[in-house]
Amino acid sequence: MDAIIPPMKHTPQALLLAVLTMAAAHAAPLNIIVFGGTGNIGQRIVKEALDRGATVTAVVRDPAGASLAPNPRLTLVKGDVLDGADDARLIQGATAVVCAVSFRKPPDPPAYRRAAVALVGALHRAGAGAPHLIFVGGAGSLEVKPGVLLVDSIPAAYRGEVLGQKDALDYLRSIKDVPWTYFSPAGSIAPGARTGKFRLGADQLIVAADGNSSISMEDYAVAVLDEIQKPEHLQQRFTIGY
């Protein structure tokens, strides 16, 4: 007879139960939901997940216009990450949920926080079996030196999206009862090679010896799947760079 798990209360103890449930799920094939799965970063996360044998659902605004290569373990569905009730339906049974949605076109910086709020609400509804949320964030909230953020050097006219992403991080940091991770890229992220060789950090911008801060989207996707398969940054932000 299956054990009966009581309804999840939003406490640190409930979080531990969720983590234990999530750890058990990692013994089974991965089932990953990717919001924004056809975007520049999202499609690479989808590919990396499929390459590792996962079953993937890509949630997109227009499935008919999606350009992802067909795969028997890939399903495309229409959805809006800002719809918390629909998010709760879509994430049922998932191992992990990745939010890789861009609100750049048209620009809507506050939507990053609204997406985080909607997804946390969906995780609460999922109860003890809540999947691990990986939130694809920005680099602007990283420190370039103690007390100084990268966003401080960005012209005011371009700060909207960066501050919107930071607001999402600030909100997630207030959440103590569901498994979330916020993942900031390096200062520059672009299509490139999948090397599998990179450095990880916490709240400081990772800079190479030549003074550049960069990562390929392909290696960023590698780190996302590494975190899903072996969570190391629950309820934390982490970052990446060469």
# chains A, B, ... in the order shown; residues from 1 in each chain; ligands from 1

$ residues_around --residues "Glu143 in chain A" --least-positions-apart "2" --cutoff "10 Å" --atoms "only C-alpha atoms" --output "number ranges by chain"
A: 139-141, 145-152, 202-206

$ select_by_dssp --residues "range 54-104 of chain A" --states "strand (DSSP E)" --output "PDB file with C-alpha atoms, in the first residue's frame"
ATOM      1  CA  THR A  55      11.498  13.624 -21.274  1.00  0.00           C
ATOM      2  CA  VAL A  56      10.898  17.313 -21.994  1.00  0.00           C
ATOM      3  CA  THR A  57       7.822  19.491 -22.299  1.00  0.00           C
ATOM      4  CA  ALA A  58       8.569  22.854 -23.904  1.00  0.00           C
ATOM      5  CA  VAL A  59       5.958  25.447 -22.989  1.00  0.00           C
ATOM      6  CA  VAL A  60       5.809  28.118 -25.662  1.00  0.00           C
ATOM      7  CA  LEU A  74       9.750  16.123 -26.641  1.00  0.00           C
ATOM      8  CA  THR A  75       6.275  17.626 -26.354  1.00  0.00           C
ATOM      9  CA  LEU A  76       5.404  21.199 -27.281  1.00  0.00           C
ATOM     10  CA  VAL A  77       2.456  22.832 -25.556  1.00  0.00           C
ATOM     11  CA  LYS A  78       1.029  26.318 -25.555  1.00  0.00           C
ATOM     12  CA  ALA A  96      12.278  20.074 -12.574  1.00  0.00           C
ATOM     13  CA  VAL A  97      10.829  23.249 -14.035  1.00  0.00           C
ATOM     14  CA  VAL A  98      13.026  25.690 -15.937  1.00  0.00           C
ATOM     15  CA  CYS A  99      11.890  29.258 -16.549  1.00  0.00           C
TER      16      CYS A  99
END

$ residues_around --residues "range 83-94 of chain A" --least-positions-apart "6" --cutoff "9 Å" --atoms "only C-alpha atoms" --output "NGL selection string"
:A and (25 or 30-33 or 57 or 59 or 115 or 117-126 or 129-132)

$ atom_distance --atom1 "CA of Pro191 in chain A" --atom2 "CA of Ser216 in chain A"
5.4 Å

$ atom_distance --atom1 "CA of Val222 in chain A" --atom2 "CA of Arg173 in chain A"
24.0 Å

$ select_by_dssp --residues "range 7-132 of chain A" --states "helix (DSSP H, G or I)" --output "PyMOL selection string"
chain A and resi 12-25+40-51+63-65+84-90+111-129

$ closest_residue --among "A:Pro231, A:Gly36, A:Gly127, A:Gly79" --to "Trp180 in chain A" --atoms "only C-alpha atoms"
A:Pro231

$ closest_residue --among "A:Val81, A:Ala100, A:Leu50, A:Ala168" --to "Leu68 in chain A" --atoms "only C-alpha atoms"
A:Leu50

$ closest_residue --among "A:Val224, A:Ile215, A:Ala157, A:Val136" --to "Arg199 in chain A" --atoms "only C-alpha atoms"
A:Ile215

$ residues_around --residues "Lys47 in chain A" --least-positions-apart "3" --cutoff "10 Å" --atoms "only C-alpha atoms" --output "list in words"
Gly37, Gly42, Gln43, Arg44, Leu50, Asp51, Arg52, Gly53, Ala54, Val56, Leu68, Ala69, Asn71, Leu74, Glu218, Ala221 and Val222 of chain A

$ write_last_selection --atoms "N, CA, C and O atoms" --output "CSV table (one decimal), in the first residue's frame"
chain,number,residue,atom,x,y,z
A,37,GLY,N,10.9,27.3,-24.1
A,37,GLY,CA,11.8,26.3,-24.6
A,37,GLY,C,12.3,26.5,-26.1
A,37,GLY,O,13.1,25.7,-26.6
A,42,GLY,N,16.6,28.7,-23.9
A,42,GLY,CA,15.7,27.6,-23.7
A,42,GLY,C,15.9,26.4,-24.6
A,42,GLY,O,15.8,25.3,-24.2
A,43,GLN,N,16.1,26.7,-25.9
A,43,GLN,CA,16.2,25.6,-26.8
A,43,GLN,C,17.5,24.8,-26.6
A,43,GLN,O,17.5,23.6,-26.8
A,44,ARG,N,18.5,25.4,-26.1
A,44,ARG,CA,19.7,24.7,-25.7
A,44,ARG,C,19.6,23.9,-24.5
A,44,ARG,O,20.1,22.8,-24.3
A,50,LEU,N,17.4,16.5,-23.6
A,50,LEU,CA,17.1,15.4,-24.5
A,50,LEU,C,18.3,14.5,-24.7
A,50,LEU,O,18.2,13.3,-24.7
A,51,ASP,N,19.5,15.1,-24.8
A,51,ASP,CA,20.7,14.4,-25.0
A,51,ASP,C,21.0,13.5,-23.8
A,51,ASP,O,21.7,12.5,-23.9
A,52,ARG,N,20.5,13.9,-22.6
A,52,ARG,CA,20.8,13.1,-21.4
A,52,ARG,C,19.6,12.1,-21.1
A,52,ARG,O,19.6,11.5,-20.1
A,53,GLY,N,18.7,12.0,-22.1
A,53,GLY,CA,17.7,11.0,-21.9
A,53,GLY,C,16.4,11.4,-21.2
A,53,GLY,O,15.5,10.6,-20.9
A,54,ALA,N,16.3,12.7,-21.0
A,54,ALA,CA,15.1,13.2,-20.3
A,54,ALA,C,13.9,13.3,-21.2
A,54,ALA,O,14.0,13.4,-22.4
A,56,VAL,N,11.0,15.9,-22.1
A,56,VAL,CA,10.9,17.3,-22.0
A,56,VAL,C,9.6,17.8,-22.5
A,56,VAL,O,9.1,17.4,-23.6
A,68,LEU,N,12.0,23.6,-32.9
A,68,LEU,CA,12.7,22.6,-32.3
A,68,LEU,C,12.7,21.3,-33.1
A,68,LEU,O,11.7,21.0,-33.7
A,69,ALA,N,13.8,20.6,-33.2
A,69,ALA,CA,13.8,19.3,-33.9
A,69,ALA,C,12.9,18.3,-33.3
A,69,ALA,O,12.9,18.2,-32.1
A,71,ASN,N,11.5,15.0,-31.6
A,71,ASN,CA,12.1,14.0,-30.8
A,71,ASN,C,10.9,13.3,-30.1
A,71,ASN,O,10.0,13.9,-29.6
A,74,LEU,N,10.0,14.7,-26.7
A,74,LEU,CA,9.7,16.1,-26.6
A,74,LEU,C,8.3,16.4,-27.0
A,74,LEU,O,7.8,16.0,-28.0
A,218,GLU,N,25.5,27.0,-24.8
A,218,GLU,CA,25.6,25.5,-24.7
A,218,GLU,C,26.2,25.1,-23.3
A,218,GLU,O,25.6,24.2,-22.7
A,221,ALA,N,23.7,25.6,-20.6
A,221,ALA,CA,22.7,24.5,-20.5
A,221,ALA,C,23.2,23.3,-19.9
A,221,ALA,O,22.5,22.6,-19.1
A,222,VAL,N,24.5,23.0,-20.1
A,222,VAL,CA,25.2,21.9,-19.4
A,222,VAL,C,25.0,22.1,-17.8
A,222,VAL,O,24.7,21.2,-17.1

$ atom_distance --atom1 "CA of Met217 in chain A" --atom2 "CA of Gly201 in chain A"
16.9 Å

$ closest_residue --among "A:Asn212, A:Thr181, A:Asn40, A:Thr95" --to "Gln235 in chain A" --atoms "only C-alpha atoms"
A:Thr181
